[in-house]
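To start, the structure under review is shown below, and the notes come after it.
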Amino acid sequence: MSNTINRQKPIFLSSLLFAFLGLAFHFNAQAQSAATYPTKPIKLIAPVAAGGGLDNIARAVAEKLSRSIGQTVVVENMGGGGGSIASQATAKAPADGYTLMIAYVGTHGTNPAVRKLPYDAIKDFTPIGMIGATPNVLIINPDLPIKNFKEFVDYAKKNPAKLSYGSAGPGTLTHLGMEQLKLAAGIFMVHVPYRGVGPAYTDLLAGQTQAMFPTLFAALPYINTNRVRGLAVTGAKRSPVAPNIPTFKELGYNGFDGQQWYGLVGPANLPPAIVAKLNAELNKVLALPDFSEKMTSEALTLMPMTPPQFTNYIKEDIARWAKVAKDRNIEID
């Protein structure tokens, strides 16, 4: 019996040694790969069709990141499915740092909160860093006899059958944000969903609907030309591009922190050294004065974060909208 044990012991120790050497080789290979990364062009997936705010941000980041990192960063537009097609493609890509994606509140916030998706917004991705966010703004048709937020709430309570609001579709930020407001203010408005934000704006401007909760970036041209009236914005402080519009917090409504945010993610299990390098390079881009000026002009507040901070932000945003969906009994097939 003891002879058998003694014979097995060297075999066990040899196996343990080979396993240790294999692990050491794996981490050494990863370290060498990260040290030389990137050695070829990087694909940056934009989960929307060409044109529009997210695409503009993706191209601006790609241009600056290309110069900073010393390799071409190529934007590939992959619209469809509310971002799910692009998200699946990113999640299934090799975890080598050569396929990245601009995640946003749709792919990693509202959709995971209300839909059954073919990907897991947490487990299937590696958060790299936040880019920034633009607040949402409550806007109304200026023909309404309403000048400020208090008057809006009072009017809605006195005229529950007269107000309807448009959204970019069920389960979008323009829908969930307004449902959150209805619950907090104790008001009623009819939801009119559209296929995208464009048609929703058309009917708001024509007076077919009376209110909307879009991003400040999209609403700003209409606000500045007095075609709509801005009443309140989400976020912790007023936007520098719309300083006359108060925050919900100023008006006594806490918890209205939801924003249209954008960040950089890759497939799950990206090597930590590559994640750290990409995060550092992204934050360098965010610190560039010309990049900051361009984003500020588009109502985007830059929000540099570490990967753990960005991971927590995504988790908290999903939890925020999941609570709104539960409270309002919203579930999208």
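Just remember, in the structure tokens the first chain shown is A, the second B, etc., residues are 1-based per chain, and ligands are 1-based in the order shown.
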
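For Gly52 in chain A, the list of residues within 12 Å, based on only C-alpha atoms and with local chain neighbours fewer than 5 positions off taken out, reads Ala46, Pro47, Ile57, Ala58, Arg59, Asn77, Gly79, Val197, Gly198, Phe217, Ala218 and Glu298 of chain A.
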
Please produce an output containing N, CA, C and O atoms for each residue in the selection, written as a PDB file, in the first residue's frame.
ATOM      1  N   ALA A  46     -19.922  50.470 -33.812  1.00  0.00           N
ATOM      2  CA  ALA A  46     -20.954  51.426 -33.399  1.00  0.00           C
ATOM      3  C   ALA A  46     -22.302  50.732 -33.616  1.00  0.00           C
ATOM      4  O   ALA A  46     -22.638  50.401 -34.756  1.00  0.00           O
ATOM      5  N   PRO A  47     -23.080  50.489 -32.552  1.00  0.00           N
ATOM      6  CA  PRO A  47     -24.313  49.699 -32.679  1.00  0.00           C
ATOM      7  C   PRO A  47     -25.494  50.463 -33.267  1.00  0.00           C
ATOM      8  O   PRO A  47     -26.639  50.284 -32.858  1.00  0.00           O
ATOM      9  N   ILE A  57     -19.846  60.279 -31.998  1.00  0.00           N
ATOM     10  CA  ILE A  57     -18.973  60.063 -30.847  1.00  0.00           C
ATOM     11  C   ILE A  57     -17.975  58.944 -31.143  1.00  0.00           C
ATOM     12  O   ILE A  57     -16.782  59.059 -30.839  1.00  0.00           O
ATOM     13  N   ALA A  58     -18.456  57.851 -31.753  1.00  0.00           N
ATOM     14  CA  ALA A  58     -17.575  56.731 -32.086  1.00  0.00           C
ATOM     15  C   ALA A  58     -16.440  57.180 -33.001  1.00  0.00           C
ATOM     16  O   ALA A  58     -15.269  56.807 -32.804  1.00  0.00           O
ATOM     17  N   ARG A  59     -16.763  57.990 -33.995  1.00  0.00           N
ATOM     18  CA  ARG A  59     -15.740  58.429 -34.954  1.00  0.00           C
ATOM     19  C   ARG A  59     -14.763  59.426 -34.324  1.00  0.00           C
ATOM     20  O   ARG A  59     -13.559  59.411 -34.636  1.00  0.00           O
ATOM     21  N   ASN A  77     -20.143  50.370 -38.492  1.00  0.00           N
ATOM     22  CA  ASN A  77     -21.535  50.535 -38.086  1.00  0.00           C
ATOM     23  C   ASN A  77     -22.280  49.220 -38.213  1.00  0.00           C
ATOM     24  O   ASN A  77     -22.196  48.539 -39.233  1.00  0.00           O
ATOM     25  N   GLY A  79     -26.017  48.479 -37.156  1.00  0.00           N
ATOM     26  CA  GLY A  79     -27.315  48.787 -36.581  1.00  0.00           C
ATOM     27  C   GLY A  79     -28.233  47.578 -36.571  1.00  0.00           C
ATOM     28  O   GLY A  79     -27.918  46.520 -37.113  1.00  0.00           O
ATOM     29  N   VAL A 197     -36.928  58.346 -32.802  1.00  0.00           N
ATOM     30  CA  VAL A 197     -37.178  59.653 -32.202  1.00  0.00           C
ATOM     31  C   VAL A 197     -37.626  60.691 -33.229  1.00  0.00           C
ATOM     32  O   VAL A 197     -38.339  61.650 -32.887  1.00  0.00           O
ATOM     33  N   GLY A 198     -37.247  60.513 -34.504  1.00  0.00           N
ATOM     34  CA  GLY A 198     -37.614  61.481 -35.546  1.00  0.00           C
ATOM     35  C   GLY A 198     -39.102  61.687 -35.681  1.00  0.00           C
ATOM     36  O   GLY A 198     -39.594  62.830 -35.603  1.00  0.00           O
ATOM     37  N   PHE A 217     -28.997  66.789 -26.077  1.00  0.00           N
ATOM     38  CA  PHE A 217     -28.267  66.985 -27.334  1.00  0.00           C
ATOM     39  C   PHE A 217     -29.231  67.056 -28.514  1.00  0.00           C
ATOM     40  O   PHE A 217     -29.130  67.932 -29.370  1.00  0.00           O
ATOM     41  N   ALA A 218     -30.186  66.120 -28.565  1.00  0.00           N
ATOM     42  CA  ALA A 218     -31.135  66.097 -29.682  1.00  0.00           C
ATOM     43  C   ALA A 218     -32.129  67.248 -29.612  1.00  0.00           C
ATOM     44  O   ALA A 218     -32.583  67.760 -30.639  1.00  0.00           O
ATOM     45  N   GLU A 298     -21.772  69.391 -28.020  1.00  0.00           N
ATOM     46  CA  GLU A 298     -22.847  68.452 -28.314  1.00  0.00           C
ATOM     47  C   GLU A 298     -23.586  68.022 -27.039  1.00  0.00           C
ATOM     48  O   GLU A 298     -24.248  66.977 -27.007  1.00  0.00           O
TER      49      GLU A 298
END

Who sits within 7 Å of range 95-112 of chain A, only C-alpha atoms, same chain under 2 positions skipped, as a count of residues only:
33

Give me, please, the distance in Å between CA of Val190 in chain A and CA of Gly82 in chain A, quoted to one decimal.
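Here the two named atoms are 23.4 Å from each other.
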
Using only C-alpha atoms, the residue out of A:Ile122, A:Met130, A:Ile146, A:Ala200 with shortest distance to Met305 in chain A is A:Met130

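Counting only C-alpha atoms, the residue from A:Val75, A:Met189, A:Leu205, A:Ala113 that sits nearest to Glu316 in chain A is A:Ala113.
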
Check the DSSP output for the backbone and give back, as a ChimeraX atom specification, the residues of range 98-241 of chain A in alpha helix (DSSP H).
/A:105,111-114,149-158,173-185,197-205,216-224

Residue neighbourhood Phe188 in chain A, 10 Å, only C-alpha atoms, exclusion window fewer than 4 positions, as a list in words
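Answer for this query is Val153, Ala156, Lys157, Asn159, Pro160, Ala161, Lys162, Leu163, Ser164, Glu179, Leu181, Lys182 and Leu183 of chain A.
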
Export, as a PDB file, in the first residue's frame, the selected residues with N, CA, C and O atoms.
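Wrote part.pdb, looks like this:
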ATOM      1  N   VAL A 153     -46.757  70.143 -13.944  1.00  0.00           N
ATOM      2  CA  VAL A 153     -47.336  69.147 -13.031  1.00  0.00           C
ATOM      3  C   VAL A 153     -48.766  69.534 -12.663  1.00  0.00           C
ATOM      4  O   VAL A 153     -49.676  68.689 -12.677  1.00  0.00           O
ATOM      5  N   ALA A 156     -51.031  68.932 -15.652  1.00  0.00           N
ATOM      6  CA  ALA A 156     -51.256  67.502 -15.889  1.00  0.00           C
ATOM      7  C   ALA A 156     -52.251  66.929 -14.887  1.00  0.00           C
ATOM      8  O   ALA A 156     -53.076  66.072 -15.238  1.00  0.00           O
ATOM      9  N   LYS A 157     -52.197  67.390 -13.665  1.00  0.00           N
ATOM     10  CA  LYS A 157     -53.118  66.881 -12.646  1.00  0.00           C
ATOM     11  C   LYS A 157     -54.546  67.375 -12.883  1.00  0.00           C
ATOM     12  O   LYS A 157     -55.511  66.654 -12.629  1.00  0.00           O
ATOM     13  N   ASN A 159     -55.727  68.302 -15.882  1.00  0.00           N
ATOM     14  CA  ASN A 159     -56.195  67.926 -17.230  1.00  0.00           C
ATOM     15  C   ASN A 159     -55.624  66.564 -17.647  1.00  0.00           C
ATOM     16  O   ASN A 159     -54.870  66.473 -18.619  1.00  0.00           O
ATOM     17  N   PRO A 160     -55.962  65.506 -16.929  1.00  0.00           N
ATOM     18  CA  PRO A 160     -55.348  64.192 -17.191  1.00  0.00           C
ATOM     19  C   PRO A 160     -55.641  63.625 -18.567  1.00  0.00           C
ATOM     20  O   PRO A 160     -54.898  62.778 -19.051  1.00  0.00           O
ATOM     21  N   ALA A 161     -56.680  64.070 -19.211  1.00  0.00           N
ATOM     22  CA  ALA A 161     -57.024  63.515 -20.527  1.00  0.00           C
ATOM     23  C   ALA A 161     -56.457  64.337 -21.679  1.00  0.00           C
ATOM     24  O   ALA A 161     -56.617  63.979 -22.844  1.00  0.00           O
ATOM     25  N   LYS A 162     -55.776  65.436 -21.374  1.00  0.00           N
ATOM     26  CA  LYS A 162     -55.319  66.343 -22.437  1.00  0.00           C
ATOM     27  C   LYS A 162     -53.859  66.152 -22.843  1.00  0.00           C
ATOM     28  O   LYS A 162     -53.435  66.729 -23.848  1.00  0.00           O
ATOM     29  N   LEU A 163     -53.113  65.390 -22.083  1.00  0.00           N
ATOM     30  CA  LEU A 163     -51.682  65.281 -22.359  1.00  0.00           C
ATOM     31  C   LEU A 163     -51.295  63.892 -22.860  1.00  0.00           C
ATOM     32  O   LEU A 163     -51.709  62.873 -22.306  1.00  0.00           O
ATOM     33  N   SER A 164     -50.494  63.881 -23.898  1.00  0.00           N
ATOM     34  CA  SER A 164     -49.886  62.643 -24.374  1.00  0.00           C
ATOM     35  C   SER A 164     -48.422  62.931 -24.658  1.00  0.00           C
ATOM     36  O   SER A 164     -48.036  64.070 -24.925  1.00  0.00           O
ATOM     37  N   GLU A 179     -42.023  57.584 -17.821  1.00  0.00           N
ATOM     38  CA  GLU A 179     -42.792  56.771 -16.882  1.00  0.00           C
ATOM     39  C   GLU A 179     -42.297  56.962 -15.449  1.00  0.00           C
ATOM     40  O   GLU A 179     -43.085  56.984 -14.506  1.00  0.00           O
ATOM     41  N   LEU A 181     -41.076  59.768 -14.369  1.00  0.00           N
ATOM     42  CA  LEU A 181     -41.604  61.074 -13.989  1.00  0.00           C
ATOM     43  C   LEU A 181     -43.085  60.996 -13.625  1.00  0.00           C
ATOM     44  O   LEU A 181     -43.521  61.595 -12.636  1.00  0.00           O
ATOM     45  N   LYS A 182     -43.857  60.265 -14.402  1.00  0.00           N
ATOM     46  CA  LYS A 182     -45.288  60.124 -14.112  1.00  0.00           C
ATOM     47  C   LYS A 182     -45.503  59.545 -12.721  1.00  0.00           C
ATOM     48  O   LYS A 182     -46.366  60.006 -11.958  1.00  0.00           O
ATOM     49  N   LEU A 183     -44.713  58.556 -12.376  1.00  0.00           N
ATOM     50  CA  LEU A 183     -44.854  57.928 -11.064  1.00  0.00           C
ATOM     51  C   LEU A 183     -44.442  58.875  -9.946  1.00  0.00           C
ATOM     52  O   LEU A 183     -45.138  59.005  -8.934  1.00  0.00           O
TER      53      LEU A 183
END

Near-Phe149 in chain A list (10 Å; only C-alpha atoms; drop same-chain fewer than 6 positions) as a list in words
Leu138, Ile139, Tyr155, Gly230, Leu231, Ala232, Ile245, Pro246, Phe248 and Leu251 of chain A

Only N, CA, C and O atoms, please: the residues just picked out, written as a short mmCIF file (atom, residue, chain, number, x, y, z; two decimals), in the first residue's frame.
data_model
loop_
_atom_site.label_atom_id
_atom_site.label_comp_id
_atom_site.auth_asym_id
_atom_site.auth_seq_id
_atom_site.Cartn_x
_atom_site.Cartn_y
_atom_site.Cartn_z
N LEU A 138 -37.04 67.25 -20.19
CA LEU A 138 -38.50 67.29 -20.38
C LEU A 138 -38.82 68.49 -21.25
O LEU A 138 -38.53 69.63 -20.87
N ILE A 139 -39.39 68.22 -22.42
CA ILE A 139 -39.77 69.32 -23.31
C ILE A 139 -41.26 69.23 -23.61
O ILE A 139 -41.86 68.15 -23.56
N TYR A 155 -50.85 71.40 -14.36
CA TYR A 155 -51.70 71.26 -15.54
C TYR A 155 -52.04 69.80 -15.79
O TYR A 155 -53.19 69.46 -16.10
N GLY A 230 -38.03 73.76 -22.87
CA GLY A 230 -37.38 72.85 -21.94
C GLY A 230 -37.73 73.20 -20.51
O GLY A 230 -37.63 74.36 -20.10
N LEU A 231 -38.15 72.18 -19.73
CA LEU A 231 -38.62 72.45 -18.36
C LEU A 231 -37.68 71.94 -17.28
O LEU A 231 -37.58 72.55 -16.21
N ALA A 232 -37.01 70.81 -17.51
CA ALA A 232 -36.13 70.24 -16.49
C ALA A 232 -35.21 69.22 -17.12
O ALA A 232 -35.58 68.55 -18.09
N ILE A 245 -32.14 75.90 -17.77
CA ILE A 245 -33.07 74.80 -17.48
C ILE A 245 -32.65 74.12 -16.19
O ILE A 245 -31.54 73.59 -16.09
N PRO A 246 -33.50 74.12 -15.17
CA PRO A 246 -33.13 73.54 -13.87
C PRO A 246 -33.09 72.02 -13.91
O PRO A 246 -33.68 71.39 -14.79
N PHE A 248 -33.99 68.28 -12.19
CA PHE A 248 -35.10 67.74 -11.40
C PHE A 248 -34.77 67.80 -9.91
O PHE A 248 -35.67 68.04 -9.09
N LEU A 251 -35.65 70.92 -8.35
CA LEU A 251 -37.11 71.07 -8.26
C LEU A 251 -37.72 70.14 -7.23
O LEU A 251 -38.94 70.07 -7.10
#

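Residues surrounding range 131-137 of chain A within 6 Å are Phe213, Pro214, Thr215, Leu216, Ala232, Val233, Thr234, Gln259, Gln260, Trp261, Tyr262, Gly263, Ala299, Leu300, Thr301, Leu302 and Met303 of chain A [only C-alpha atoms; sequence separation below 6 positions excluded].
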
May I have the selected residues written with N, CA and C atoms, as a JSON list (two decimals), in the first residue's frame?
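The resulting file, result_5.json, is shown below:
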[["chain", "number", "residue", "atom", "x", "y", "z"],
["A", 213, "PHE", "N", -39.42, 63.30, -23.69],
["A", 213, "PHE", "CA", -38.31, 63.24, -22.74],
["A", 213, "PHE", "C", -37.03, 62.77, -23.45],
["A", 214, "PRO", "N", -36.56, 63.53, -24.45],
["A", 214, "PRO", "CA", -35.40, 63.12, -25.24],
["A", 214, "PRO", "C", -34.09, 63.54, -24.59],
["A", 215, "THR", "N", -32.98, 63.28, -25.29],
["A", 215, "THR", "CA", -31.71, 63.77, -24.81],
["A", 215, "THR", "C", -31.62, 65.27, -25.05],
["A", 216, "LEU", "N", -30.84, 65.93, -24.21],
["A", 216, "LEU", "CA", -30.65, 67.37, -24.38],
["A", 216, "LEU", "C", -29.94, 67.66, -25.70],
["A", 232, "ALA", "N", -37.01, 70.81, -17.51],
["A", 232, "ALA", "CA", -36.13, 70.24, -16.49],
["A", 232, "ALA", "C", -35.21, 69.22, -17.12],
["A", 233, "VAL", "N", -33.99, 69.09, -16.57],
["A", 233, "VAL", "CA", -33.02, 68.13, -17.07],
["A", 233, "VAL", "C", -32.64, 67.14, -15.98],
["A", 234, "THR", "N", -32.23, 65.95, -16.40],
["A", 234, "THR", "CA", -31.72, 64.96, -15.46],
["A", 234, "THR", "C", -30.26, 65.28, -15.14],
["A", 259, "GLN", "N", -29.30, 59.11, -17.77],
["A", 259, "GLN", "CA", -28.78, 59.89, -18.88],
["A", 259, "GLN", "C", -28.49, 58.99, -20.08],
["A", 260, "GLN", "N", -28.34, 59.61, -21.23],
["A", 260, "GLN", "CA", -27.90, 58.90, -22.42],
["A", 260, "GLN", "C", -26.39, 58.84, -22.35],
["A", 261, "TRP", "N", -25.86, 57.70, -21.95],
["A", 261, "TRP", "CA", -24.42, 57.60, -21.74],
["A", 261, "TRP", "C", -23.76, 56.71, -22.80],
["A", 262, "TYR", "N", -22.44, 56.88, -22.93],
["A", 262, "TYR", "CA", -21.66, 56.14, -23.92],
["A", 262, "TYR", "C", -20.35, 55.69, -23.27],
["A", 263, "GLY", "N", -19.94, 54.47, -23.56],
["A", 263, "GLY", "CA", -18.69, 53.97, -23.01],
["A", 263, "GLY", "C", -18.06, 52.95, -23.93],
["A", 299, "ALA", "N", -23.43, 68.84, -25.98],
["A", 299, "ALA", "CA", -24.13, 68.62, -24.71],
["A", 299, "ALA", "C", -23.69, 67.35, -24.00],
["A", 300, "LEU", "N", -22.48, 66.87, -24.32],
["A", 300, "LEU", "CA", -21.97, 65.66, -23.67],
["A", 300, "LEU", "C", -20.99, 66.04, -22.58],
["A", 301, "THR", "N", -21.25, 65.57, -21.37],
["A", 301, "THR", "CA", -20.34, 65.77, -20.25],
["A", 301, "THR", "C", -19.40, 64.57, -20.19],
["A", 302, "LEU", "N", -18.10, 64.80, -20.29],
["A", 302, "LEU", "CA", -17.13, 63.71, -20.25],
["A", 302, "LEU", "C", -17.03, 63.16, -18.83],
["A", 303, "MET", "N", -16.93, 61.83, -18.72],
["A", 303, "MET", "CA", -16.96, 61.17, -17.42],
["A", 303, "MET", "C", -15.90, 60.06, -17.35]]

CA of Asp333 in chain A to CA of Pro118 in chain A, distance in Å rounded to a single decimal:
12.4 Å

Apply DSSP to the backbone of this structure and, from range 249-279 of chain A, keep only the residues in strand (DSSP E); write these as a VMD selection string.
chain A and resid 259 to 267

Write out as CSV a residue-level contact list of range 44-102 of chain A versus range 281-284 of chain A with cut-off 10 Å: for each qualifying residue the closest pair of atoms and the distance in Å to one decimal, counting only C-alpha atoms, rows sorted by chain and residue number upward.
residue,atom,partner,partner_atom,distance
A:Val61,CA,A:Leu282,CA,8.0
A:Ala62,CA,A:Leu282,CA,9.7
A:Lys64,CA,A:Leu282,CA,8.8
A:Leu65,CA,A:Leu282,CA,6.7
A:Ser66,CA,A:Glu281,CA,9.8
A:Arg67,CA,A:Glu281,CA,10.0
A:Ser68,CA,A:Glu281,CA,6.6
A:Ile69,CA,A:Glu281,CA,6.7

Return the single residue from A:Lys123, A:Arg238, A:Lys323, A:Lys147 that is closest to Lys92 in chain A, with distances computed using only C-alpha atoms.
A:Lys123

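Closest to Gly252 in chain A among A:Ala184, A:Ala168, A:Leu204, A:Leu278 is A:Ala184, based on only C-alpha atoms.
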